[in-house]
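Have a look at entry-v4.csv below; it lists CSV, C-alpha atoms.
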chain,number,residue,atom,x,y,z
M,99,MET,CA,-2.2,197.6,-104.0
M,100,SER,CA,0.5,194.9,-104.2
M,101,GLU,CA,3.1,195.0,-101.4
M,102,ARG,CA,6.6,193.8,-102.1
M,103,ARG,CA,8.7,192.3,-99.4
M,104,LEU,CA,11.3,194.8,-98.1
M,105,PRO,CA,13.7,194.8,-95.1
M,106,PRO,CA,12.4,196.6,-92.0
M,107,VAL,CA,14.4,199.8,-92.9
M,108,THR,CA,12.0,202.2,-91.1
M,109,GLN,CA,11.9,200.2,-87.8
M,110,VAL,CA,15.7,199.7,-87.7
M,111,GLY,CA,16.2,203.4,-88.6
M,112,MET,CA,13.9,204.5,-85.8
M,113,LEU,CA,15.8,202.3,-83.3
M,114,SER,CA,19.1,203.8,-84.5
M,115,LEU,CA,17.8,207.3,-84.1
M,116,ALA,CA,16.4,206.4,-80.6
M,117,LEU,CA,19.8,205.1,-79.6
M,118,ILE,CA,21.7,208.3,-80.6
M,119,LEU,CA,19.0,210.5,-79.0
M,120,ALA,CA,19.4,208.4,-75.8
M,121,GLY,CA,23.1,209.1,-75.9
M,122,GLY,CA,22.5,212.8,-76.4
M,123,ILE,CA,20.0,212.9,-73.5
M,124,TYR,CA,22.4,211.0,-71.3
M,125,LEU,CA,25.2,213.6,-72.0
M,126,SER,CA,23.0,216.7,-71.8
M,127,SER,CA,21.4,215.5,-68.5
M,128,HIS,CA,24.8,215.7,-66.8
M,129,ILE,CA,25.6,219.3,-67.6
M,130,PRO,CA,27.9,220.8,-66.2
M,131,ASP,CA,29.2,217.8,-64.3
M,132,HIS,CA,31.8,215.4,-65.6
M,133,VAL,CA,30.1,212.5,-67.4
M,134,ALA,CA,31.4,209.0,-68.2
M,135,LEU,CA,31.4,208.6,-72.0
M,136,GLY,CA,31.1,204.8,-72.0
M,137,PRO,CA,27.3,204.5,-72.2
M,138,ALA,CA,27.1,207.2,-74.9
M,139,VAL,CA,29.8,205.5,-76.9
M,140,ILE,CA,28.1,202.2,-76.7
M,141,LEU,CA,24.8,203.7,-77.8
M,142,LEU,CA,26.5,205.5,-80.7
M,143,CYS,CA,28.3,202.3,-81.9
M,144,ALA,CA,25.0,200.4,-81.7
M,145,SER,CA,23.3,203.1,-83.7
M,146,ALA,CA,26.1,203.2,-86.3
M,147,LEU,CA,25.9,199.5,-86.7
M,148,LEU,CA,22.2,199.6,-87.3
M,149,LEU,CA,22.8,202.3,-90.0
M,150,VAL,CA,25.3,200.1,-91.7
M,151,GLY,CA,23.0,197.0,-91.4
M,152,ASN,CA,20.1,199.0,-92.8
M,153,LEU,CA,22.1,200.2,-95.8
M,154,ALA,CA,23.5,196.6,-96.4
M,155,SER,CA,20.0,195.0,-96.2
M,156,LEU,CA,18.6,197.7,-98.5
M,157,ALA,CA,21.5,197.2,-101.0
M,158,ARG,CA,20.5,193.6,-101.4
M,159,VAL,CA,16.9,194.3,-102.5
M,160,LYS,CA,16.4,193.4,-106.1
M,161,GLY,CA,14.3,195.7,-108.3
M,162,PHE,CA,14.3,198.6,-105.8
M,163,ALA,CA,13.7,202.1,-107.3
M,164,TRP,CA,17.3,203.3,-106.7
M,165,GLN,CA,17.0,206.2,-109.1
M,166,ARG,CA,14.0,207.6,-107.1
M,167,PHE,CA,15.8,206.7,-103.8
M,168,PHE,CA,18.9,208.7,-104.7
M,169,GLU,CA,16.9,211.6,-106.2
M,170,ILE,CA,15.1,212.1,-102.8
M,171,ALA,CA,18.1,211.1,-100.6
M,172,ARG,CA,20.4,213.7,-102.0
M,173,TRP,CA,18.0,216.6,-101.3
M,174,ALA,CA,17.2,215.3,-97.9
M,175,LEU,CA,20.9,214.8,-97.2
M,176,LEU,CA,21.5,218.4,-98.1
M,177,ALA,CA,18.8,219.6,-95.7
M,178,TYR,CA,20.0,217.4,-92.8
M,179,VAL,CA,23.7,218.2,-93.4
M,180,ILE,CA,22.7,221.9,-93.0
M,181,VAL,CA,20.7,221.1,-89.8
M,182,SER,CA,23.5,219.0,-88.4
M,183,GLY,CA,26.0,221.8,-89.2
M,184,MET,CA,23.9,224.3,-87.3
M,185,ILE,CA,23.7,221.9,-84.3
M,186,GLU,CA,27.5,221.4,-84.5
M,187,TYR,CA,28.0,225.1,-84.6
M,188,ALA,CA,25.9,225.4,-81.4
M,189,PHE,CA,28.0,222.8,-79.7
M,190,LEU,CA,31.2,224.7,-80.6
M,191,ARG,CA,29.7,228.0,-79.5
M,192,ASP,CA,28.8,226.4,-76.2
M,193,SER,CA,32.5,225.5,-75.8
M,194,LEU,CA,31.9,221.8,-75.9
M,195,SER,CA,35.2,219.9,-76.4
M,196,GLY,CA,37.0,216.6,-76.0
M,197,GLY,CA,35.1,213.3,-75.8
M,198,PRO,CA,31.6,214.7,-75.5
M,199,LEU,CA,32.2,216.8,-78.7
M,200,VAL,CA,33.5,213.7,-80.6
M,201,VAL,CA,30.6,211.6,-79.5
M,202,LEU,CA,27.9,214.2,-80.3
M,203,THR,CA,29.6,215.0,-83.7
M,204,LEU,CA,29.6,211.4,-84.7
M,205,SER,CA,26.0,211.1,-83.5
M,206,LEU,CA,25.1,214.0,-85.8
M,207,VAL,CA,26.8,212.1,-88.7
M,208,VAL,CA,24.6,209.1,-88.1
M,209,PHE,CA,21.5,211.3,-87.8
M,210,ALA,CA,22.4,213.3,-91.0
M,211,VAL,CA,22.7,210.0,-93.0
M,212,HIS,CA,19.9,207.9,-91.4
M,213,VAL,CA,17.0,210.4,-91.7
M,214,PRO,CA,17.5,211.0,-95.4
M,215,VAL,CA,17.7,207.2,-95.9
M,216,LEU,CA,14.3,206.8,-94.1
M,217,ILE,CA,12.7,209.6,-96.2
M,218,ALA,CA,14.1,208.2,-99.5
M,219,PHE,CA,13.2,204.6,-98.6
M,220,THR,CA,9.6,205.6,-97.8
M,221,VAL,CA,9.3,207.4,-101.2
M,222,ALA,CA,11.1,204.8,-103.3
M,223,ARG,CA,9.3,201.8,-101.9
M,224,TYR,CA,6.1,203.0,-103.7
M,225,ALA,CA,8.0,203.9,-106.9
M,226,GLU,CA,8.5,201.8,-110.0
M,227,ALA,CA,12.1,200.4,-110.3
F,48,MET,CA,-5.2,220.1,-112.6
F,49,ALA,CA,-3.9,216.6,-113.1
F,50,ALA,CA,-5.9,213.4,-113.5
F,51,VAL,CA,-5.8,210.8,-110.7
F,52,SER,CA,-7.3,207.4,-111.0
F,53,ALA,CA,-9.5,206.7,-108.0
F,54,PRO,CA,-10.3,203.1,-107.1
F,55,ALA,CA,-13.8,202.0,-106.2
F,56,GLY,CA,-12.4,200.4,-103.1
F,57,VAL,CA,-9.1,200.5,-101.3
F,58,GLY,CA,-6.7,198.0,-102.6
F,59,SER,CA,-7.9,197.9,-106.2
F,60,ASP,CA,-7.1,200.5,-108.8
F,61,ALA,CA,-8.4,198.6,-111.9
F,62,HIS,CA,-11.0,200.4,-114.0
F,63,ALA,CA,-10.8,203.4,-111.6
F,64,PRO,CA,-12.7,206.6,-112.3
F,65,VAL,CA,-10.5,209.7,-112.9
F,66,VAL,CA,-10.6,212.6,-110.5
F,67,GLU,CA,-8.8,215.9,-110.7
F,68,ARG,CA,-6.1,217.2,-108.3
F,69,PRO,CA,-4.7,220.7,-108.2
F,70,ASP,CA,-1.2,221.3,-109.4
F,71,PHE,CA,1.2,222.0,-106.5
F,72,GLN,CA,4.9,222.3,-105.4
F,73,ILE,CA,6.2,219.7,-102.9
F,74,VAL,CA,8.0,222.5,-101.1
F,75,PRO,CA,5.9,225.7,-101.6
F,76,ARG,CA,8.5,228.3,-102.7
F,77,ALA,CA,6.3,231.2,-101.7
F,78,GLY,CA,6.5,230.1,-98.1
F,79,LEU,CA,10.3,229.9,-98.0
F,80,PRO,CA,10.9,233.7,-97.3
F,81,ILE,CA,8.4,233.5,-94.4
F,82,VAL,CA,10.4,230.5,-93.0
F,83,ALA,CA,13.6,232.4,-93.5
F,84,VAL,CA,12.3,235.4,-91.6
F,85,VAL,CA,11.1,233.2,-88.7
F,86,LEU,CA,14.4,231.4,-88.5
F,87,ILE,CA,16.4,234.6,-88.7
F,88,LEU,CA,14.3,236.0,-85.8
F,89,ALA,CA,15.0,232.9,-83.9
F,90,VAL,CA,18.8,233.2,-84.4
F,91,VAL,CA,18.6,236.9,-83.4
F,92,GLY,CA,16.5,236.0,-80.3
F,93,ILE,CA,19.1,233.5,-79.2
F,94,ALA,CA,22.0,235.8,-80.0
F,95,VAL,CA,20.4,238.6,-78.0
F,96,ASN,CA,19.8,236.1,-75.2
F,97,GLU,CA,17.1,238.3,-73.4
F,98,LEU,CA,14.4,236.5,-71.4
F,99,TRP,CA,11.4,237.9,-73.3
F,100,PRO,CA,12.3,236.9,-76.9
F,101,LEU,CA,13.4,233.4,-75.7
F,102,MET,CA,10.2,233.0,-73.7
F,103,PHE,CA,8.2,234.2,-76.8
F,104,MET,CA,9.9,231.7,-79.1
F,105,HIS,CA,9.5,228.8,-76.8
F,106,VAL,CA,5.9,229.5,-75.7
F,107,VAL,CA,4.5,230.5,-79.1
F,108,GLY,CA,6.4,227.8,-80.9
F,109,GLY,CA,5.4,225.2,-78.4
F,110,ALA,CA,1.8,226.3,-78.4
F,111,SER,CA,1.7,226.1,-82.2
F,112,TRP,CA,3.3,222.7,-82.2
F,113,THR,CA,0.9,221.3,-79.6
F,114,ILE,CA,-2.2,222.8,-81.2
F,115,ILE,CA,-1.3,221.6,-84.7
F,116,ASP,CA,-0.5,218.1,-83.5
F,117,LEU,CA,-3.7,217.7,-81.4
F,118,PHE,CA,-5.9,219.3,-84.0
F,119,LEU,CA,-4.5,217.2,-86.8
F,120,GLY,CA,-4.6,213.9,-84.8
F,121,PHE,CA,-7.9,214.2,-83.1
F,122,VAL,CA,-10.0,216.7,-85.1
F,123,LEU,CA,-8.9,216.7,-88.8
F,124,GLY,CA,-7.7,213.1,-88.9
F,125,PRO,CA,-11.1,211.5,-88.2
F,126,ILE,CA,-12.8,214.0,-90.6
F,127,ILE,CA,-10.3,213.2,-93.4
F,128,GLY,CA,-10.9,209.5,-92.8
F,129,ARG,CA,-14.6,209.9,-93.6
F,130,MET,CA,-14.0,212.0,-96.8
F,131,SER,CA,-14.5,210.6,-100.3
F,132,ILE,CA,-11.2,209.6,-102.0
F,133,PRO,CA,-11.3,212.5,-104.5
F,134,ALA,CA,-12.0,215.0,-101.6
F,135,ARG,CA,-9.2,213.4,-99.6
F,136,ILE,CA,-6.8,213.8,-102.5
F,137,GLU,CA,-7.7,217.4,-103.1
F,138,PHE,CA,-7.4,218.2,-99.3
F,139,THR,CA,-4.0,216.3,-99.2
F,140,THR,CA,-2.7,218.2,-102.2
F,141,ARG,CA,-3.5,221.6,-100.7
F,142,PHE,CA,-2.6,220.7,-97.1
F,143,MET,CA,0.5,218.6,-97.0
F,144,PRO,CA,2.9,221.0,-98.8
F,145,LYS,CA,2.2,223.6,-96.1
F,146,MET,CA,3.1,221.0,-93.4
F,147,VAL,CA,6.5,220.5,-95.1
F,148,LEU,CA,7.3,224.1,-94.1
F,149,ILE,CA,5.3,224.7,-91.0
F,150,MET,CA,6.2,221.8,-88.8
F,151,PRO,CA,10.0,221.8,-89.1
F,152,THR,CA,10.0,225.6,-88.5
F,153,VAL,CA,7.8,225.5,-85.5
F,154,VAL,CA,9.7,222.6,-83.9
F,155,THR,CA,13.1,224.2,-84.6
F,156,VAL,CA,12.0,227.5,-83.0
F,157,THR,CA,10.5,225.8,-80.0
F,158,LEU,CA,13.5,223.5,-79.3
F,159,ALA,CA,16.2,226.1,-80.0
F,160,GLY,CA,14.4,228.7,-77.9
F,161,GLY,CA,13.7,226.2,-75.2
F,162,TRP,CA,17.3,225.1,-74.9
F,163,GLN,CA,18.6,228.6,-74.8
F,164,LEU,CA,16.0,229.6,-72.2
F,165,ALA,CA,17.0,226.6,-70.1
F,166,THR,CA,20.6,227.6,-70.4
F,167,LYS,CA,19.9,231.2,-69.4
F,168,LEU,CA,17.7,230.2,-66.4
F,169,GLY,CA,20.0,227.4,-65.4
F,170,TYR,CA,17.3,224.8,-65.8
F,171,ASN,CA,19.6,222.4,-67.7
F,172,GLN,CA,22.2,222.3,-64.9
F,173,THR,CA,22.2,219.3,-62.6
F,174,SER,CA,22.0,221.7,-59.6
F,175,TYR,CA,18.5,222.9,-60.7
F,176,PRO,CA,16.0,221.5,-58.1
F,177,LEU,CA,13.6,220.3,-60.8
F,178,HIS,CA,16.3,218.9,-63.0
F,179,GLY,CA,14.6,215.5,-63.2
F,180,TRP,CA,11.6,217.2,-64.8
F,181,VAL,CA,13.8,218.8,-67.4
F,182,VAL,CA,15.4,215.5,-68.2
F,183,ALA,CA,11.9,214.0,-68.5
F,184,SER,CA,11.1,216.8,-71.1
F,185,TYR,CA,14.2,215.7,-73.1
F,186,ILE,CA,12.9,212.1,-73.1
F,187,VAL,CA,9.4,213.2,-74.2
F,188,VAL,CA,10.8,215.4,-77.0
F,189,GLY,CA,13.3,212.6,-77.9
F,190,ILE,CA,10.4,210.1,-78.4
F,191,MET,CA,8.4,212.6,-80.4
F,192,ALA,CA,11.5,213.3,-82.6
F,193,VAL,CA,12.0,209.6,-83.4
F,194,ILE,CA,8.3,209.3,-84.4
F,195,ALA,CA,8.4,212.5,-86.4
F,196,LEU,CA,11.7,211.8,-88.2
F,197,GLY,CA,11.1,208.1,-88.7
F,198,LEU,CA,7.4,208.0,-89.6
F,199,LEU,CA,5.7,211.4,-90.0
F,200,GLU,CA,8.2,213.3,-92.1
F,201,PRO,CA,8.9,210.5,-94.6
F,202,ALA,CA,5.1,209.9,-95.0
F,203,ASN,CA,4.7,213.6,-95.6
F,204,ILE,CA,7.3,213.7,-98.4
F,205,ALA,CA,6.2,210.3,-99.8
F,206,VAL,CA,2.6,211.3,-100.2
F,207,LEU,CA,3.6,214.5,-102.0
F,208,VAL,CA,5.9,212.6,-104.4
F,209,GLU,CA,3.1,210.1,-105.0
F,210,LEU,CA,0.7,212.9,-105.8
F,211,LYS,CA,3.2,214.4,-108.2
F,212,LYS,CA,3.2,211.3,-110.4
F,213,PRO,CA,1.2,211.4,-113.6
F,214,GLN,CA,-1.0,208.6,-112.2
F,215,PRO,CA,-0.9,208.6,-108.4
F,216,ASN,CA,-2.1,205.6,-106.6
F,217,PRO,CA,-4.9,206.6,-104.2
F,218,ALA,CA,-4.4,203.5,-102.1
F,219,VAL,CA,-0.8,204.5,-101.5
F,220,ILE,CA,-1.9,208.1,-100.7
F,221,GLU,CA,-4.5,206.7,-98.3
F,222,ARG,CA,-2.0,204.5,-96.6
F,223,LEU,CA,0.6,207.3,-96.2
F,224,MET,CA,-2.0,209.8,-95.0
F,225,LYS,CA,-3.2,207.3,-92.4
F,226,ARG,CA,0.4,206.9,-91.2
F,227,PHE,CA,0.8,210.7,-91.1
F,228,LEU,CA,-2.4,211.3,-89.2
F,229,TYR,CA,-1.9,208.5,-86.7
F,230,THR,CA,1.7,209.6,-85.9
F,231,ALA,CA,0.5,213.2,-85.6
F,232,GLY,CA,-2.1,211.9,-83.2
F,233,ALA,CA,0.5,210.0,-81.2
F,234,THR,CA,2.8,213.0,-80.9
F,235,GLY,CA,-0.3,215.0,-80.0
F,236,ALA,CA,-1.1,212.6,-77.2
F,237,MET,CA,2.5,212.9,-76.0
F,238,GLN,CA,2.1,216.6,-75.9
F,239,VAL,CA,-0.1,216.0,-72.8
F,240,ALA,CA,3.1,214.8,-71.0
F,241,THR,CA,4.7,218.1,-72.2
F,242,PHE,CA,1.9,220.1,-70.6
F,243,VAL,CA,2.4,218.3,-67.3
F,244,ILE,CA,6.2,218.9,-67.3
F,245,MET,CA,6.1,222.5,-68.6
F,246,THR,CA,3.4,223.6,-66.1
F,247,LYS,CA,5.4,222.0,-63.3
F,248,LEU,CA,8.6,223.8,-64.4
F,249,ALA,CA,6.7,227.1,-64.7
F,250,SER,CA,5.1,226.8,-61.3
F,251,GLY,CA,8.3,225.6,-59.5
Will you turn the file into structure tokens for me?
Amino acid sequence: MSERRLPPVTQVGMLSLALILAGGIYLSSHIPDHVALGPAVILLCASALLLVGNLASLARVKGFAWQRFFEIARWALLAYVIVSGMIEYAFLRDSLSGGPLVVLTLSLVVFAVHVPVLIAFTVARYAEA
Amino acid sequence: MAAVSAPAGVGSDAHAPVVERPDFQIVPRAGLPIVAVVLILAVVGIAVNELWPLMFMHVVGGASWTIIDLFLGFVLGPIIGRMSIPARIEFTTRFMPKMVLIMPTVVTVTLAGGWQLATKLGYNQTSYPLHGWVVASYIVVGIMAVIALGLLEPANIAVLVELKKPQPNPAVIERLMKRFLYTAGATGAMQVATFVIMTKLASG
């Protein structure tokens, strides 16, 4: 089985997910006290930057199976948009508002994009371009 | 049944003998109504917000999650590793589509029920005396989620897409199955930490 050289999309994606989860744990571990948003914002920004970097490095790969990638990514995106929507609904039902709601909503956006990217990448790396 | 070329050794698929694999659906549609019923019951359990349904969701879901992870990683994994490639392909074809439905459902019910239970009992408040243990459980679940979302689930989908090809590559299937089983074993080992935390929380 020949292995083509690809950027470390999975490793970077897992780091990005770990950062937003760390932000979520930081915020949820302070309920119901007031919590400083700074650390969560820094973690979210770092996670979003890793997502952008991941997409940019993947976009530069020549001969990648983009058709297969998008075929898988769109279904995975649908699934994770639904999942994220349900989590967002739970946040709103729990009367979450203000800064924590913004941070957690943006974290869900990163989550809903990055997980489908990881799934589609894993499938497409073994597909013919 | 579809033909699959099986290599004589891993890493080479030239002049490979052909083995049969059963036809399958990547997402088994027959299982979707069962998943829907379980998720509807979970939503109802959370909406009702009574102790017993929440405890049931969390304990039964958590037990299922733990048992599947441990059994997969430490019992089935080594057995699959010693199977012949055709047997491995047949097992994978029958087993992996079920995992696409079972694991996300079990994990969702466990975590949703657990969070609501913690909210009802006040365990997720900073005033709870064992709050540090609860935060530790968030961290353990967070690590397991990163492993599951980054490695396990993509491998699950990728192996099924590979098997759907007219000529799947057994070396790719083997590599992805190895990744799936190792990560299941890793999350299974992390479940030991969950045992420690949950028994501490239950006993006060």
**Item:** M:Asp131, M:Glu226, M:Glu169, M:Glu186 ranked by distance to chain F, top pick (using only C-alpha atoms)
**Value:**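 Of the candidates, the smallest distance to chain F is held by M:Asp131.
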**Message:** For a cutoff of 9 Å around the file-coordinate point (2.3, 221.0, -81.8), which residues qualify once you count all atoms listed in the file? I'd like the result as a ChimeraX atom specification.
**Reply:** /F:108-118,150,153-154,231,234-235,238
Could you list, as a PDB file with C-alpha atoms, in the coordinates of the input, the residues of chain F having an atom within 9 Å of chain M when counting all atoms listed in the file?
ATOM      1  CA  VAL F  57      -9.100 200.500-101.300  1.00  0.00           C
ATOM      2  CA  GLY F  58      -6.700 198.000-102.600  1.00  0.00           C
ATOM      3  CA  SER F  59      -7.900 197.900-106.200  1.00  0.00           C
ATOM      4  CA  ASP F  60      -7.100 200.500-108.800  1.00  0.00           C
ATOM      5  CA  ASN F 171      19.600 222.400 -67.700  1.00  0.00           C
ATOM      6  CA  GLN F 172      22.200 222.300 -64.900  1.00  0.00           C
ATOM      7  CA  THR F 173      22.200 219.300 -62.600  1.00  0.00           C
ATOM      8  CA  SER F 174      22.000 221.700 -59.600  1.00  0.00           C
ATOM      9  CA  HIS F 178      16.300 218.900 -63.000  1.00  0.00           C
ATOM     10  CA  GLY F 179      14.600 215.500 -63.200  1.00  0.00           C
ATOM     11  CA  VAL F 181      13.800 218.800 -67.400  1.00  0.00           C
ATOM     12  CA  VAL F 182      15.400 215.500 -68.200  1.00  0.00           C
ATOM     13  CA  TYR F 185      14.200 215.700 -73.100  1.00  0.00           C
ATOM     14  CA  ILE F 186      12.900 212.100 -73.100  1.00  0.00           C
ATOM     15  CA  GLY F 189      13.300 212.600 -77.900  1.00  0.00           C
ATOM     16  CA  ILE F 190      10.400 210.100 -78.400  1.00  0.00           C
ATOM     17  CA  ALA F 192      11.500 213.300 -82.600  1.00  0.00           C
ATOM     18  CA  VAL F 193      12.000 209.600 -83.400  1.00  0.00           C
ATOM     19  CA  ILE F 194       8.300 209.300 -84.400  1.00  0.00           C
ATOM     20  CA  LEU F 196      11.700 211.800 -88.200  1.00  0.00           C
ATOM     21  CA  GLY F 197      11.100 208.100 -88.700  1.00  0.00           C
ATOM     22  CA  LEU F 198       7.400 208.000 -89.600  1.00  0.00           C
ATOM     23  CA  GLU F 200       8.200 213.300 -92.100  1.00  0.00           C
ATOM     24  CA  PRO F 201       8.900 210.500 -94.600  1.00  0.00           C
ATOM     25  CA  ALA F 202       5.100 209.900 -95.000  1.00  0.00           C
ATOM     26  CA  ASN F 203       4.700 213.600 -95.600  1.00  0.00           C
ATOM     27  CA  ILE F 204       7.300 213.700 -98.400  1.00  0.00           C
ATOM     28  CA  ALA F 205       6.200 210.300 -99.800  1.00  0.00           C
ATOM     29  CA  VAL F 206       2.600 211.300-100.200  1.00  0.00           C
ATOM     30  CA  VAL F 208       5.900 212.600-104.400  1.00  0.00           C
ATOM     31  CA  GLU F 209       3.100 210.100-105.000  1.00  0.00           C
ATOM     32  CA  ASN F 216      -2.100 205.600-106.600  1.00  0.00           C
ATOM     33  CA  ALA F 218      -4.400 203.500-102.100  1.00  0.00           C
ATOM     34  CA  VAL F 219      -0.800 204.500-101.500  1.00  0.00           C
TER      35      VAL F 219
END
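Separating atom CA of F:Ala183 from atom CA of M:Asp192 is a distance of 22.3 Å.
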**Interatomic distance (Å, one decimal) between atom CA of M:Ala138 and atom CA of M:Gly121** =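 These two atoms are separated by 4.5 Å.
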**Request:** Enter the distance from atom CA of F:Pro217 to atom CA of F:Ile132, in Å, rounded to one decimal.
**Result:** 7.3 Å
Would you pick out the contacts of M:Leu199 at 9 Å or less, using all atoms listed in the file, so that residues sharing its chain but fewer than 5 positions from it are not included, and give the list as a short mmCIF file (atom, residue, chain, number, x, y, z; two decimals) with C-alpha atoms, keeping the file's coordinate frame?
data_model
loop_
_atom_site.label_atom_id
_atom_site.label_comp_id
_atom_site.auth_asym_id
_atom_site.auth_seq_id
_atom_site.Cartn_x
_atom_site.Cartn_y
_atom_site.Cartn_z
CA GLU M 186 27.50 221.40 -84.50
CA PHE M 189 28.00 222.80 -79.70
CA LEU M 190 31.20 224.70 -80.60
CA LEU M 194 31.90 221.80 -75.90
CA LEU M 204 29.60 211.40 -84.70
#
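When only C-alpha atoms are used to measure the gap to M:Leu175, the shortest distance among M:Leu125, M:Val150, M:Val133, M:Val207 belongs to M:Val207.
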**Message:** Neighbouring residues of F:Val74 were defined as those with any atom within 12 Å, considering only C-alpha atoms; residues of the same chain fewer than 6 positions away were excluded. Please report them as a ChimeraX atom specification.
**Reply:** /M:173 /F:82,140-149,203-204,207-208,211
Once you have the residues from the selection above, write them out as a PDB file, keeping the file's coordinate frame, restricted to C-alpha atoms.
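Now in result-v3.pdb:
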ATOM      1  CA  TRP M 173      18.000 216.600-101.300  1.00  0.00           C
TER       2      TRP M 173
ATOM      3  CA  VAL F  82      10.400 230.500 -93.000  1.00  0.00           C
ATOM      4  CA  THR F 140      -2.700 218.200-102.200  1.00  0.00           C
ATOM      5  CA  ARG F 141      -3.500 221.600-100.700  1.00  0.00           C
ATOM      6  CA  PHE F 142      -2.600 220.700 -97.100  1.00  0.00           C
ATOM      7  CA  MET F 143       0.500 218.600 -97.000  1.00  0.00           C
ATOM      8  CA  PRO F 144       2.900 221.000 -98.800  1.00  0.00           C
ATOM      9  CA  LYS F 145       2.200 223.600 -96.100  1.00  0.00           C
ATOM     10  CA  MET F 146       3.100 221.000 -93.400  1.00  0.00           C
ATOM     11  CA  VAL F 147       6.500 220.500 -95.100  1.00  0.00           C
ATOM     12  CA  LEU F 148       7.300 224.100 -94.100  1.00  0.00           C
ATOM     13  CA  ILE F 149       5.300 224.700 -91.000  1.00  0.00           C
ATOM     14  CA  ASN F 203       4.700 213.600 -95.600  1.00  0.00           C
ATOM     15  CA  ILE F 204       7.300 213.700 -98.400  1.00  0.00           C
ATOM     16  CA  LEU F 207       3.600 214.500-102.000  1.00  0.00           C
ATOM     17  CA  VAL F 208       5.900 212.600-104.400  1.00  0.00           C
ATOM     18  CA  LYS F 211       3.200 214.400-108.200  1.00  0.00           C
TER      19      LYS F 211
END
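Of the residues under consideration (F:Lys225, F:Lys167, F:Lys212, F:Arg68), F:Lys225 shows the shortest atom-to-atom contact distance to F:Leu123 when counting all atoms listed in the file.
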Reconstructed stretch 182-193 of chain M, atom set N, CA and C atoms, as a PDB file, in the coordinates of the input:
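And here's result02.pdb as it stands now:
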ATOM      1  N   SER M 182      22.462 219.550 -89.259  1.00  0.00           N
ATOM      2  CA  SER M 182      23.500 219.000 -88.400  1.00  0.00           C
ATOM      3  C   SER M 182      24.653 220.027 -88.226  1.00  0.00           C
ATOM      4  N   GLY M 183      24.956 220.730 -89.308  1.00  0.00           N
ATOM      5  CA  GLY M 183      26.000 221.800 -89.200  1.00  0.00           C
ATOM      6  C   GLY M 183      25.632 222.849 -88.253  1.00  0.00           C
ATOM      7  N   MET M 184      24.348 223.236 -88.238  1.00  0.00           N
ATOM      8  CA  MET M 184      23.900 224.300 -87.300  1.00  0.00           C
ATOM      9  C   MET M 184      23.978 223.778 -85.857  1.00  0.00           C
ATOM     10  N   ILE M 185      23.619 222.504 -85.652  1.00  0.00           N
ATOM     11  CA  ILE M 185      23.700 221.900 -84.300  1.00  0.00           C
ATOM     12  C   ILE M 185      25.162 221.856 -83.847  1.00  0.00           C
ATOM     13  N   GLU M 186      26.029 221.457 -84.788  1.00  0.00           N
ATOM     14  CA  GLU M 186      27.500 221.400 -84.500  1.00  0.00           C
ATOM     15  C   GLU M 186      28.015 222.752 -84.128  1.00  0.00           C
ATOM     16  N   TYR M 187      27.578 223.757 -84.857  1.00  0.00           N
ATOM     17  CA  TYR M 187      28.000 225.100 -84.600  1.00  0.00           C
ATOM     18  C   TYR M 187      27.588 225.532 -83.154  1.00  0.00           C
ATOM     19  N   ALA M 188      26.353 225.132 -82.783  1.00  0.00           N
ATOM     20  CA  ALA M 188      25.900 225.400 -81.400  1.00  0.00           C
ATOM     21  C   ALA M 188      26.748 224.743 -80.374  1.00  0.00           C
ATOM     22  N   PHE M 189      27.150 223.496 -80.654  1.00  0.00           N
ATOM     23  CA  PHE M 189      28.000 222.800 -79.700  1.00  0.00           C
ATOM     24  C   PHE M 189      29.346 223.559 -79.532  1.00  0.00           C
ATOM     25  N   LEU M 190      29.917 224.008 -80.664  1.00  0.00           N
ATOM     26  CA  LEU M 190      31.200 224.700 -80.600  1.00  0.00           C
ATOM     27  C   LEU M 190      31.058 226.056 -79.891  1.00  0.00           C
ATOM     28  N   ARG M 191      29.934 226.740 -80.158  1.00  0.00           N
ATOM     29  CA  ARG M 191      29.700 228.000 -79.500  1.00  0.00           C
ATOM     30  C   ARG M 191      29.520 227.856 -77.993  1.00  0.00           C
ATOM     31  N   ASP M 192      28.971 226.699 -77.608  1.00  0.00           N
ATOM     32  CA  ASP M 192      28.800 226.400 -76.200  1.00  0.00           C
ATOM     33  C   ASP M 192      30.067 225.854 -75.545  1.00  0.00           C
ATOM     34  N   SER M 193      31.182 225.961 -76.297  1.00  0.00           N
ATOM     35  CA  SER M 193      32.500 225.500 -75.800  1.00  0.00           C
ATOM     36  C   SER M 193      32.566 224.064 -75.447  1.00  0.00           C
TER      37      SER M 193
END
